[in-house]
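Just below is one structure, and these are the notes that go with it.
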Amino acid sequence: MTTDQRARSIGVHLVLIAYSLLAVGPILLVVMNSFKVRSAIFGSPLALPDASTFSLVGYEKVFRSSHILTYYSNSLIVTLVSMALVLLFGAMAAWALTEYRFRGSTALALFLSIGIMVPIRLGSVAILNMMRSAGLNDTLTALILVYVAQGLPMSIFILSEFIQQIPKDLRDAARCDGVPETRIFFEVVAPLLRPAIATVAVFTIVPIWNDLWFPLILTSSDSTHTVTLGVQQFLGQYITDWNSVLAALSMAILPVVVIYVILSRQLIAGLTSGAVK
Amino acid sequence: MANLRIEQLNKRYGATTVLNNVNLSIEDGEFVVLVGPSGCGKSTLLRMIAGLDGASGGDIHIAGKLVNALAPAERGIAMVFQSYALYPHMNVRKNMTFGLKFTGVPPTERERRVAEAARMLRLEELLERYPRDLSGGQRQRVAIGRAIVREPAVFLFDEPLSNLDAALRVSTRVEIANLHRLLKSTIVYVTHDQVEAMTLADRIVVMNKGRIEQVGKPLDLYYEPANLFVAGFIGSPAMNFFEAEVEGIEGGRARVAGTAFRNLDIPAGSLKVGDALTVGVRPEHLVRGEAGFFAAEGVVELVERLGEASFAYLRRVDGRMFVAEVRGRQTPAPGEAATLVAASPDVHVFDASGLRVAT
């Protein structure tokens, strides 16, 4: 490596490190301060917790005073069920739209791509009315339905691209082998879509887990609140219980990080495979 | 095992005609090769036999049964693809048995067929491996194995050798020929490589622009091409063509004259004075000499040495080039003038519409 190249590589890494700090910093700050007493959070927000400032009071309060476990399981149910449905229907729709030519297939593809461009929140009032008249008000089902609608267009779009990259000969070979169409999809195409499915899974999960808006307008009782909504009860107009807020936020971050770690290898394969080859 | 009959088959995509009234009859156990330049419709024809593409018109019969409306799996065919099309996430054994699951073959029978195909194709050691761990030749053998275990009535091969390197191509070609001898099954094989066509085929079907130009035994196509296209397509380097005209007719013989060769005499038949003709002679049929049925002069410009033969490229009197094969160590030097002659059975004459004229 010449000095010129080395200098450039150091420069690139400096930029990357700076960006990483910027991205990770706030999260570290939240997690770090969630383990400190209230005075230390304000006194020295950037310091690590030490023997005198360490405290689990935030976590204790969260567990004692709120339905955090209910919120947590609500978030998990909503996120995982939505993700499963988005992946299943998304992959099936993408397969149908790329593999079969039928009357209206182009129109249908266009209709679905509109969903990418128009934010679903524009329809909040209509959605609220719809859910109320369907009797789904204040249920997790309502959230799941909204999130599936929100996630489907993008997942169909991404998965269609990937399905097109699967050699046509493979499907033809399977047809000559006498494999039924549904089995071609589930046993030949779907296994080859694994990296793409991981990519779509992450892109689907994160916004759903973090969403505040739809739980806020569609759920009203403690039994249907999600984590992000649950955290809000510690934020008051006059007093905010920062210990509890930070503790609850730290716990809310955890599952997303775990899922990301599990899927990241597939995710990277999925993000780059289209670009390189 | 089965015969295959294709009647008045048409394929159109919008305004473009890909196949135009194709008629073809293939006997039980016959090895038929479809050959032609790219875009001639040979792969489309194969895919239509397989049932992967629908017909715009016409009928396909396999084993006497009309199969137009049947799915690929119900037609009793098995296809080997150019890209091998192995399932990447299944090992070799699974690749071969996957399709059998859905066609009601019991597990013990599946195992027996896989074992037999593996023995025939020397795949026993590879059964547990994945396609990504196999070489090109091995993948091709697996693809053939997957076709064999289906025990089809008709095997369809779509350019199976074109992804292999030259040496492997030759050895796999021999294997396919052996396989045909062993299985005695009907095979339809698509290639653009005329060497494959000549070596493998019982009969060759030469296609061009969606039509069948000629169907015949390999040597019949070589020695008696029915038209200009077949004459130019079969043989390498391609046949030399000389423009000519009927100059006079006397006593049932037509005198054929051109700028680049000496006049020759052929049976007049229905020829008339002034008819435009094309005279064709293969490079390997031209020898140096003074006089013969056909004779053309030229100046050597370039010599290609291949070892078993050399090809001399000569500039004709009219400025165009022609090629002659030279055997032996002595090759002509560039700049040398030479007269090349050919005997009457090796000279082909075609009329203005490209059809063969008796000589």
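Ligands are numbered from 1 in the order shown, chains are lettered A, B, ... in the order of the structure tokens, and residues start at 1 in each chain.
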Residues of chain B within 8 Å of chain A, only C-alpha atoms counted, as a ChimeraX atom specification | /B:50,52,72-74,77-81,83,85-89,98-100,102-103,150
Please save N, CA and C atoms of the selected residues as a PDB file, in the first residue's frame.
ATOM      1  N   ALA B  50     -41.587 -28.998 -24.997  1.00  0.00           N
ATOM      2  CA  ALA B  50     -41.583 -29.232 -23.553  1.00  0.00           C
ATOM      3  C   ALA B  50     -42.873 -28.754 -22.901  1.00  0.00           C
ATOM      4  N   LEU B  52     -43.274 -25.478 -22.214  1.00  0.00           N
ATOM      5  CA  LEU B  52     -42.942 -24.270 -21.453  1.00  0.00           C
ATOM      6  C   LEU B  52     -43.441 -23.017 -22.170  1.00  0.00           C
ATOM      7  N   PRO B  72     -46.016 -29.414 -18.830  1.00  0.00           N
ATOM      8  CA  PRO B  72     -44.751 -30.076 -19.148  1.00  0.00           C
ATOM      9  C   PRO B  72     -44.611 -31.458 -18.505  1.00  0.00           C
ATOM     10  N   ALA B  73     -44.983 -31.542 -17.218  1.00  0.00           N
ATOM     11  CA  ALA B  73     -44.766 -32.792 -16.493  1.00  0.00           C
ATOM     12  C   ALA B  73     -45.644 -33.919 -17.025  1.00  0.00           C
ATOM     13  N   GLU B  74     -46.759 -33.563 -17.675  1.00  0.00           N
ATOM     14  CA  GLU B  74     -47.679 -34.602 -18.147  1.00  0.00           C
ATOM     15  C   GLU B  74     -47.335 -35.079 -19.558  1.00  0.00           C
ATOM     16  N   ILE B  77     -41.805 -35.752 -20.917  1.00  0.00           N
ATOM     17  CA  ILE B  77     -40.527 -35.253 -21.405  1.00  0.00           C
ATOM     18  C   ILE B  77     -39.616 -34.923 -20.218  1.00  0.00           C
ATOM     19  N   ALA B  78     -38.338 -34.833 -20.476  1.00  0.00           N
ATOM     20  CA  ALA B  78     -37.418 -34.298 -19.474  1.00  0.00           C
ATOM     21  C   ALA B  78     -36.478 -33.383 -20.221  1.00  0.00           C
ATOM     22  N   MET B  79     -36.143 -32.263 -19.607  1.00  0.00           N
ATOM     23  CA  MET B  79     -35.346 -31.276 -20.320  1.00  0.00           C
ATOM     24  C   MET B  79     -34.040 -31.014 -19.576  1.00  0.00           C
ATOM     25  N   VAL B  80     -32.966 -30.881 -20.343  1.00  0.00           N
ATOM     26  CA  VAL B  80     -31.672 -30.507 -19.781  1.00  0.00           C
ATOM     27  C   VAL B  80     -31.357 -29.102 -20.286  1.00  0.00           C
ATOM     28  N   PHE B  81     -31.105 -28.188 -19.352  1.00  0.00           N
ATOM     29  CA  PHE B  81     -30.955 -26.786 -19.726  1.00  0.00           C
ATOM     30  C   PHE B  81     -29.495 -26.406 -19.928  1.00  0.00           C
ATOM     31  N   SER B  83     -28.070 -23.796 -18.749  1.00  0.00           N
ATOM     32  CA  SER B  83     -27.515 -23.325 -17.476  1.00  0.00           C
ATOM     33  C   SER B  83     -27.556 -24.415 -16.419  1.00  0.00           C
ATOM     34  N   ALA B  85     -29.556 -25.460 -14.551  1.00  0.00           N
ATOM     35  CA  ALA B  85     -30.752 -25.232 -13.733  1.00  0.00           C
ATOM     36  C   ALA B  85     -30.874 -26.204 -12.578  1.00  0.00           C
ATOM     37  N   LEU B  86     -29.763 -26.462 -11.889  1.00  0.00           N
ATOM     38  CA  LEU B  86     -29.843 -27.301 -10.680  1.00  0.00           C
ATOM     39  C   LEU B  86     -30.366 -26.446  -9.544  1.00  0.00           C
ATOM     40  N   TYR B  87     -31.126 -27.057  -8.632  1.00  0.00           N
ATOM     41  CA  TYR B  87     -31.623 -26.316  -7.479  1.00  0.00           C
ATOM     42  C   TYR B  87     -30.449 -26.069  -6.539  1.00  0.00           C
ATOM     43  N   PRO B  88     -30.039 -24.814  -6.335  1.00  0.00           N
ATOM     44  CA  PRO B  88     -28.779 -24.530  -5.621  1.00  0.00           C
ATOM     45  C   PRO B  88     -28.807 -24.961  -4.161  1.00  0.00           C
ATOM     46  N   HIS B  89     -30.007 -25.025  -3.572  1.00  0.00           N
ATOM     47  CA  HIS B  89     -30.083 -25.309  -2.144  1.00  0.00           C
ATOM     48  C   HIS B  89     -30.354 -26.780  -1.874  1.00  0.00           C
ATOM     49  N   PHE B  98     -36.205 -34.654  -6.266  1.00  0.00           N
ATOM     50  CA  PHE B  98     -37.197 -33.619  -5.935  1.00  0.00           C
ATOM     51  C   PHE B  98     -38.460 -33.736  -6.799  1.00  0.00           C
ATOM     52  N   GLY B  99     -38.268 -33.822  -8.110  1.00  0.00           N
ATOM     53  CA  GLY B  99     -39.417 -33.879  -9.008  1.00  0.00           C
ATOM     54  C   GLY B  99     -40.214 -35.169  -8.858  1.00  0.00           C
ATOM     55  N   LEU B 100     -39.515 -36.269  -8.520  1.00  0.00           N
ATOM     56  CA  LEU B 100     -40.194 -37.568  -8.458  1.00  0.00           C
ATOM     57  C   LEU B 100     -41.235 -37.605  -7.358  1.00  0.00           C
ATOM     58  N   PHE B 102     -43.386 -35.540  -6.650  1.00  0.00           N
ATOM     59  CA  PHE B 102     -44.678 -34.990  -7.046  1.00  0.00           C
ATOM     60  C   PHE B 102     -45.339 -35.796  -8.153  1.00  0.00           C
ATOM     61  N   THR B 103     -44.624 -36.786  -8.683  1.00  0.00           N
ATOM     62  CA  THR B 103     -45.211 -37.560  -9.768  1.00  0.00           C
ATOM     63  C   THR B 103     -45.557 -38.971  -9.304  1.00  0.00           C
ATOM     64  N   ARG B 150     -36.405 -39.386 -14.413  1.00  0.00           N
ATOM     65  CA  ARG B 150     -37.825 -39.225 -14.748  1.00  0.00           C
ATOM     66  C   ARG B 150     -38.292 -40.288 -15.733  1.00  0.00           C
TER      67      ARG B 150
END
Looking at B:Leu340, B:Ala260, B:Leu24, B:Ala118, which one is nearest to Arg203 (chain B), with distances taken over only C-alpha atoms?
->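 Nearest to Arg203 (chain B): B:Leu24.
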Pick out each residue of region 99-329 of chain B that DSSP on the backbone tags as strand (DSSP E or B); I need them as an MDAnalysis selection string.
-> chainID B and resid 154:158 186:191 203:208 211:216 227 240:250 253:257 261 264:267 276:281 287:288 294:305 310:316 321:326
Export, as a PDB file, in the first residue's frame, the selected residues with C-alpha atoms.
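As written to disk, result.pdb reads:
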ATOM      1  CA  VAL B 154     -38.508 -37.881 -24.958  1.00  0.00           C
ATOM      2  CA  PHE B 155     -35.324 -36.177 -23.779  1.00  0.00           C
ATOM      3  CA  LEU B 156     -34.948 -32.507 -24.648  1.00  0.00           C
ATOM      4  CA  PHE B 157     -31.490 -30.944 -24.565  1.00  0.00           C
ATOM      5  CA  ASP B 158     -31.123 -27.161 -24.859  1.00  0.00           C
ATOM      6  CA  THR B 186     -35.925 -40.375 -28.359  1.00  0.00           C
ATOM      7  CA  ILE B 187     -33.787 -37.251 -28.063  1.00  0.00           C
ATOM      8  CA  VAL B 188     -34.318 -33.763 -29.399  1.00  0.00           C
ATOM      9  CA  TYR B 189     -31.155 -31.726 -29.024  1.00  0.00           C
ATOM     10  CA  VAL B 190     -30.710 -28.031 -29.741  1.00  0.00           C
ATOM     11  CA  THR B 191     -27.319 -26.568 -30.567  1.00  0.00           C
ATOM     12  CA  ARG B 203     -30.949 -36.703 -38.356  1.00  0.00           C
ATOM     13  CA  ILE B 204     -30.262 -32.975 -38.379  1.00  0.00           C
ATOM     14  CA  VAL B 205     -32.936 -30.310 -38.695  1.00  0.00           C
ATOM     15  CA  VAL B 206     -31.453 -27.079 -40.034  1.00  0.00           C
ATOM     16  CA  MET B 207     -33.549 -24.072 -39.088  1.00  0.00           C
ATOM     17  CA  ASN B 208     -33.444 -20.475 -40.221  1.00  0.00           C
ATOM     18  CA  ARG B 211     -38.534 -22.278 -40.844  1.00  0.00           C
ATOM     19  CA  ILE B 212     -37.054 -25.699 -41.346  1.00  0.00           C
ATOM     20  CA  GLU B 213     -34.583 -25.412 -44.219  1.00  0.00           C
ATOM     21  CA  GLN B 214     -33.696 -29.093 -44.487  1.00  0.00           C
ATOM     22  CA  VAL B 215     -34.032 -32.330 -42.560  1.00  0.00           C
ATOM     23  CA  GLY B 216     -31.601 -35.133 -43.242  1.00  0.00           C
ATOM     24  CA  ASN B 227     -30.403 -24.869 -50.546  1.00  0.00           C
ATOM     25  CA  ASN B 240     -17.244 -20.737 -51.127  1.00  0.00           C
ATOM     26  CA  PHE B 241     -19.899 -19.164 -53.302  1.00  0.00           C
ATOM     27  CA  PHE B 242     -19.379 -17.796 -56.813  1.00  0.00           C
ATOM     28  CA  GLU B 243     -21.988 -15.723 -58.673  1.00  0.00           C
ATOM     29  CA  ALA B 244     -22.816 -17.144 -62.082  1.00  0.00           C
ATOM     30  CA  GLU B 245     -25.235 -16.957 -64.960  1.00  0.00           C
ATOM     31  CA  VAL B 246     -26.553 -19.357 -67.577  1.00  0.00           C
ATOM     32  CA  GLU B 247     -24.773 -18.210 -70.717  1.00  0.00           C
ATOM     33  CA  GLY B 248     -26.146 -20.672 -73.231  1.00  0.00           C
ATOM     34  CA  ILE B 249     -28.026 -23.950 -73.551  1.00  0.00           C
ATOM     35  CA  GLU B 250     -26.977 -26.589 -76.090  1.00  0.00           C
ATOM     36  CA  ARG B 253     -26.538 -28.913 -71.230  1.00  0.00           C
ATOM     37  CA  ALA B 254     -26.332 -25.428 -69.757  1.00  0.00           C
ATOM     38  CA  ARG B 255     -23.109 -23.457 -69.950  1.00  0.00           C
ATOM     39  CA  VAL B 256     -22.578 -21.674 -66.624  1.00  0.00           C
ATOM     40  CA  ALA B 257     -20.289 -18.661 -66.640  1.00  0.00           C
ATOM     41  CA  PHE B 261     -14.152 -19.203 -62.367  1.00  0.00           C
ATOM     42  CA  LEU B 264     -18.711 -25.247 -66.533  1.00  0.00           C
ATOM     43  CA  ASP B 265     -21.406 -27.462 -67.990  1.00  0.00           C
ATOM     44  CA  ILE B 266     -24.402 -28.774 -66.097  1.00  0.00           C
ATOM     45  CA  PRO B 267     -27.622 -30.523 -67.158  1.00  0.00           C
ATOM     46  CA  ALA B 276     -28.734 -16.155 -62.190  1.00  0.00           C
ATOM     47  CA  LEU B 277     -27.033 -19.019 -60.347  1.00  0.00           C
ATOM     48  CA  THR B 278     -24.706 -19.519 -57.425  1.00  0.00           C
ATOM     49  CA  VAL B 279     -21.922 -22.072 -57.632  1.00  0.00           C
ATOM     50  CA  GLY B 280     -20.656 -23.471 -54.342  1.00  0.00           C
ATOM     51  CA  VAL B 281     -17.516 -25.448 -53.561  1.00  0.00           C
ATOM     52  CA  VAL B 287      -7.170 -28.973 -54.836  1.00  0.00           C
ATOM     53  CA  ARG B 288      -4.367 -27.416 -56.844  1.00  0.00           C
ATOM     54  CA  PHE B 294     -14.588 -26.571 -61.787  1.00  0.00           C
ATOM     55  CA  ALA B 295     -11.533 -24.309 -61.783  1.00  0.00           C
ATOM     56  CA  ALA B 296     -10.887 -20.915 -60.191  1.00  0.00           C
ATOM     57  CA  GLU B 297      -7.801 -18.758 -60.004  1.00  0.00           C
ATOM     58  CA  GLY B 298      -6.655 -16.624 -57.160  1.00  0.00           C
ATOM     59  CA  VAL B 299      -3.709 -15.053 -55.407  1.00  0.00           C
ATOM     60  CA  VAL B 300      -2.901 -16.341 -51.918  1.00  0.00           C
ATOM     61  CA  GLU B 301      -3.238 -13.584 -49.318  1.00  0.00           C
ATOM     62  CA  LEU B 302      -3.205 -15.391 -46.016  1.00  0.00           C
ATOM     63  CA  VAL B 303      -2.561 -18.900 -44.747  1.00  0.00           C
ATOM     64  CA  GLU B 304      -4.024 -20.273 -41.483  1.00  0.00           C
ATOM     65  CA  ARG B 305      -2.157 -23.299 -40.190  1.00  0.00           C
ATOM     66  CA  SER B 310      -4.081 -25.282 -43.465  1.00  0.00           C
ATOM     67  CA  PHE B 311      -6.527 -22.855 -44.963  1.00  0.00           C
ATOM     68  CA  ALA B 312      -5.394 -20.614 -47.787  1.00  0.00           C
ATOM     69  CA  TYR B 313      -7.386 -17.415 -48.324  1.00  0.00           C
ATOM     70  CA  LEU B 314      -7.216 -16.401 -51.974  1.00  0.00           C
ATOM     71  CA  ARG B 315      -8.195 -13.142 -53.667  1.00  0.00           C
ATOM     72  CA  ARG B 316     -10.389 -13.874 -56.687  1.00  0.00           C
ATOM     73  CA  MET B 321     -12.055 -13.927 -51.283  1.00  0.00           C
ATOM     74  CA  PHE B 322     -12.340 -17.701 -51.287  1.00  0.00           C
ATOM     75  CA  VAL B 323     -10.823 -20.396 -49.103  1.00  0.00           C
ATOM     76  CA  ALA B 324      -9.095 -23.639 -49.950  1.00  0.00           C
ATOM     77  CA  GLU B 325      -7.886 -26.368 -47.622  1.00  0.00           C
ATOM     78  CA  VAL B 326      -4.300 -27.467 -48.044  1.00  0.00           C
TER      79      VAL B 326
END
Within 8 Å of region 246-253 of chain A using only C-alpha atoms, minus same-chain residues under 6 positions, as a list in words = Val30, Val31, Asn33, Ser34, Phe35, Gly58, Tyr59, Val62, Tyr72, Val227, Thr228 and Val231 of chain A
Could you tell me which of A:Thr224, A:Tyr100, A:Ala126, A:Met154 comes closest to Ile114 (chain A) if we count only C-alpha atoms?
->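 Looking only at the distances to Ile114 (chain A), the closest residue turns out to be A:Met154.
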Using DSSP on the backbone coordinates, identify all residues within region 122-296 of chain B classified as alpha helix (DSSP H); present the result as an MDAnalysis selection string.
-> chainID B and resid 136:148 166:183 194:200 218:223 228:233
Any chance you could export the current selection's N, CA and C atoms as a compact mmCIF listing (two decimals), in the first residue's frame?
# COMPACT_ATOMS: atom_id res chain seq x y z
N GLY B 136 -18.19 -27.67 -13.76
CA GLY B 136 -19.18 -27.52 -14.83
C GLY B 136 -19.60 -28.87 -15.42
N GLY B 137 -18.62 -29.72 -15.66
CA GLY B 137 -18.92 -31.02 -16.25
C GLY B 137 -19.78 -31.88 -15.32
N GLN B 138 -19.44 -31.82 -14.02
CA GLN B 138 -20.21 -32.60 -13.05
C GLN B 138 -21.64 -32.09 -12.96
N ARG B 139 -21.79 -30.75 -12.97
CA ARG B 139 -23.13 -30.19 -12.92
C ARG B 139 -23.95 -30.65 -14.10
N GLN B 140 -23.30 -30.68 -15.27
CA GLN B 140 -24.01 -31.09 -16.47
C GLN B 140 -24.45 -32.54 -16.33
N ARG B 141 -23.58 -33.38 -15.73
CA ARG B 141 -23.96 -34.79 -15.56
C ARG B 141 -25.13 -34.91 -14.59
N VAL B 142 -25.14 -34.07 -13.54
CA VAL B 142 -26.27 -34.10 -12.60
C VAL B 142 -27.55 -33.70 -13.33
N ALA B 143 -27.44 -32.67 -14.16
CA ALA B 143 -28.62 -32.22 -14.89
C ALA B 143 -29.14 -33.34 -15.79
N ILE B 144 -28.23 -34.07 -16.41
CA ILE B 144 -28.66 -35.20 -17.25
C ILE B 144 -29.26 -36.29 -16.38
N GLY B 145 -28.63 -36.51 -15.19
CA GLY B 145 -29.15 -37.51 -14.26
C GLY B 145 -30.57 -37.18 -13.83
N ARG B 146 -30.81 -35.90 -13.58
CA ARG B 146 -32.15 -35.49 -13.15
C ARG B 146 -33.17 -35.78 -14.24
N ALA B 147 -32.72 -35.69 -15.50
CA ALA B 147 -33.62 -36.02 -16.60
C ALA B 147 -33.83 -37.53 -16.69
N ILE B 148 -32.76 -38.30 -16.49
CA ILE B 148 -32.86 -39.75 -16.65
C ILE B 148 -33.82 -40.37 -15.63
N ALA B 166 -13.61 -26.47 -24.04
CA ALA B 166 -13.52 -27.26 -25.28
C ALA B 166 -13.28 -28.75 -25.03
N ALA B 167 -12.34 -29.08 -24.13
CA ALA B 167 -12.00 -30.48 -23.91
C ALA B 167 -13.19 -31.23 -23.31
N LEU B 168 -13.81 -30.59 -22.32
CA LEU B 168 -14.95 -31.20 -21.64
C LEU B 168 -16.12 -31.38 -22.59
N ARG B 169 -16.22 -30.45 -23.52
CA ARG B 169 -17.31 -30.50 -24.49
C ARG B 169 -17.21 -31.79 -25.31
N VAL B 170 -15.98 -32.09 -25.72
CA VAL B 170 -15.78 -33.28 -26.54
C VAL B 170 -16.13 -34.53 -25.73
N SER B 171 -15.63 -34.60 -24.48
CA SER B 171 -15.86 -35.84 -23.72
C SER B 171 -17.33 -35.98 -23.33
N THR B 172 -17.99 -34.86 -23.01
CA THR B 172 -19.41 -34.94 -22.66
C THR B 172 -20.24 -35.31 -23.87
N ARG B 173 -19.79 -34.85 -25.04
CA ARG B 173 -20.47 -35.21 -26.28
C ARG B 173 -20.46 -36.73 -26.46
N VAL B 174 -19.29 -37.31 -26.22
CA VAL B 174 -19.18 -38.76 -26.35
C VAL B 174 -20.09 -39.45 -25.34
N GLU B 175 -20.14 -38.88 -24.10
CA GLU B 175 -21.01 -39.47 -23.08
C GLU B 175 -22.47 -39.43 -23.49
N ILE B 176 -22.88 -38.33 -24.06
CA ILE B 176 -24.28 -38.22 -24.47
C ILE B 176 -24.58 -39.23 -25.57
N ALA B 177 -23.63 -39.40 -26.49
CA ALA B 177 -23.82 -40.38 -27.56
C ALA B 177 -23.95 -41.79 -26.96
N ASN B 178 -23.07 -42.11 -25.99
CA ASN B 178 -23.13 -43.41 -25.32
C ASN B 178 -24.46 -43.62 -24.61
N LEU B 179 -24.88 -42.55 -23.94
CA LEU B 179 -26.13 -42.59 -23.19
C LEU B 179 -27.30 -42.93 -24.11
N HIS B 180 -27.28 -42.34 -25.29
CA HIS B 180 -28.35 -42.58 -26.24
C HIS B 180 -28.34 -44.03 -26.70
N ARG B 181 -27.12 -44.56 -26.87
CA ARG B 181 -26.99 -45.95 -27.28
C ARG B 181 -27.56 -46.86 -26.20
N LEU B 182 -27.30 -46.50 -24.93
CA LEU B 182 -27.73 -47.30 -23.79
C LEU B 182 -29.23 -47.21 -23.56
N LEU B 183 -29.75 -45.98 -23.56
CA LEU B 183 -31.15 -45.77 -23.20
C LEU B 183 -32.08 -45.99 -24.37
N GLN B 194 -22.27 -26.86 -35.16
CA GLN B 194 -22.54 -27.87 -36.17
C GLN B 194 -21.72 -29.14 -35.96
N VAL B 195 -20.59 -29.03 -35.24
CA VAL B 195 -19.82 -30.25 -34.96
C VAL B 195 -20.65 -31.16 -34.06
N GLU B 196 -21.27 -30.59 -33.02
CA GLU B 196 -22.15 -31.38 -32.17
C GLU B 196 -23.27 -31.99 -32.99
N ALA B 197 -23.84 -31.19 -33.86
CA ALA B 197 -24.95 -31.68 -34.68
C ALA B 197 -24.51 -32.85 -35.54
N MET B 198 -23.37 -32.69 -36.23
CA MET B 198 -22.91 -33.73 -37.14
C MET B 198 -22.57 -35.01 -36.38
N THR B 199 -21.91 -34.86 -35.21
CA THR B 199 -21.41 -36.06 -34.52
C THR B 199 -22.53 -36.81 -33.81
N LEU B 200 -23.52 -36.10 -33.27
CA LEU B 200 -24.51 -36.76 -32.42
C LEU B 200 -25.74 -37.24 -33.18
N PRO B 218 -26.71 -36.47 -41.31
CA PRO B 218 -25.60 -35.51 -41.32
C PRO B 218 -24.85 -35.45 -42.65
N LEU B 219 -24.48 -36.62 -43.18
CA LEU B 219 -23.67 -36.58 -44.39
C LEU B 219 -24.48 -36.17 -45.62
N ASP B 220 -25.78 -36.46 -45.59
CA ASP B 220 -26.63 -36.01 -46.69
C ASP B 220 -26.66 -34.49 -46.75
N LEU B 221 -26.75 -33.87 -45.55
CA LEU B 221 -26.76 -32.40 -45.51
C LEU B 221 -25.45 -31.85 -46.03
N TYR B 222 -24.38 -32.56 -45.70
CA TYR B 222 -23.05 -32.08 -46.08
C TYR B 222 -22.84 -32.22 -47.58
N TYR B 223 -23.20 -33.38 -48.10
CA TYR B 223 -22.90 -33.63 -49.51
C TYR B 223 -23.99 -33.11 -50.45
N LEU B 228 -29.08 -22.89 -50.49
CA LEU B 228 -27.92 -22.05 -50.19
C LEU B 228 -27.66 -21.94 -48.69
N PHE B 229 -28.75 -21.79 -47.90
CA PHE B 229 -28.56 -21.59 -46.47
C PHE B 229 -27.89 -22.79 -45.83
N VAL B 230 -28.39 -23.98 -46.13
CA VAL B 230 -27.82 -25.20 -45.55
C VAL B 230 -26.38 -25.37 -46.03
N ALA B 231 -26.16 -25.08 -47.31
CA ALA B 231 -24.82 -25.21 -47.87
C ALA B 231 -23.84 -24.32 -47.13
N GLY B 232 -24.28 -23.10 -46.81
CA GLY B 232 -23.40 -22.16 -46.12
C GLY B 232 -23.27 -22.46 -44.65
N PHE B 233 -24.31 -23.08 -44.06
CA PHE B 233 -24.31 -23.28 -42.62
C PHE B 233 -23.52 -24.52 -42.19
Could you list, as a short mmCIF file (atom, residue, chain, number, x, y, z; two decimals) with C-alpha atoms, in the first residue's frame, every residue within 8 Å of Thr359 (chain B), counting only C-alpha atoms and ignoring same-chain residues fewer than 4 positions away?
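Final file, around.cif:
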data_model
loop_
_atom_site.label_atom_id
_atom_site.label_comp_id
_atom_site.auth_asym_id
_atom_site.auth_seq_id
_atom_site.Cartn_x
_atom_site.Cartn_y
_atom_site.Cartn_z
CA ILE B 266 -24.40 -28.77 -66.10
CA PRO B 267 -27.62 -30.52 -67.16
CA SER B 344 -18.16 -32.54 -60.41
CA PRO B 345 -19.81 -34.30 -57.38
CA VAL B 347 -19.68 -28.69 -57.00
CA HIS B 348 -23.08 -27.43 -55.93
CA VAL B 349 -25.24 -25.15 -58.03
#
Please measure the separation of CA of His67 (chain A) and CA of Thr226 (chain A), giving the value in Å to one decimal.
-> 9.9 Å
Between CA of Asn243 (chain A) and CA of Ser52 (chain A) - distance in Å to one decimal =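 Interatomic distance here is 15.7 Å.
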One-decimal distance in Å that lies between CA of Tyr13 (chain B) and CA of Gly41 (chain B) | 12.0 Å
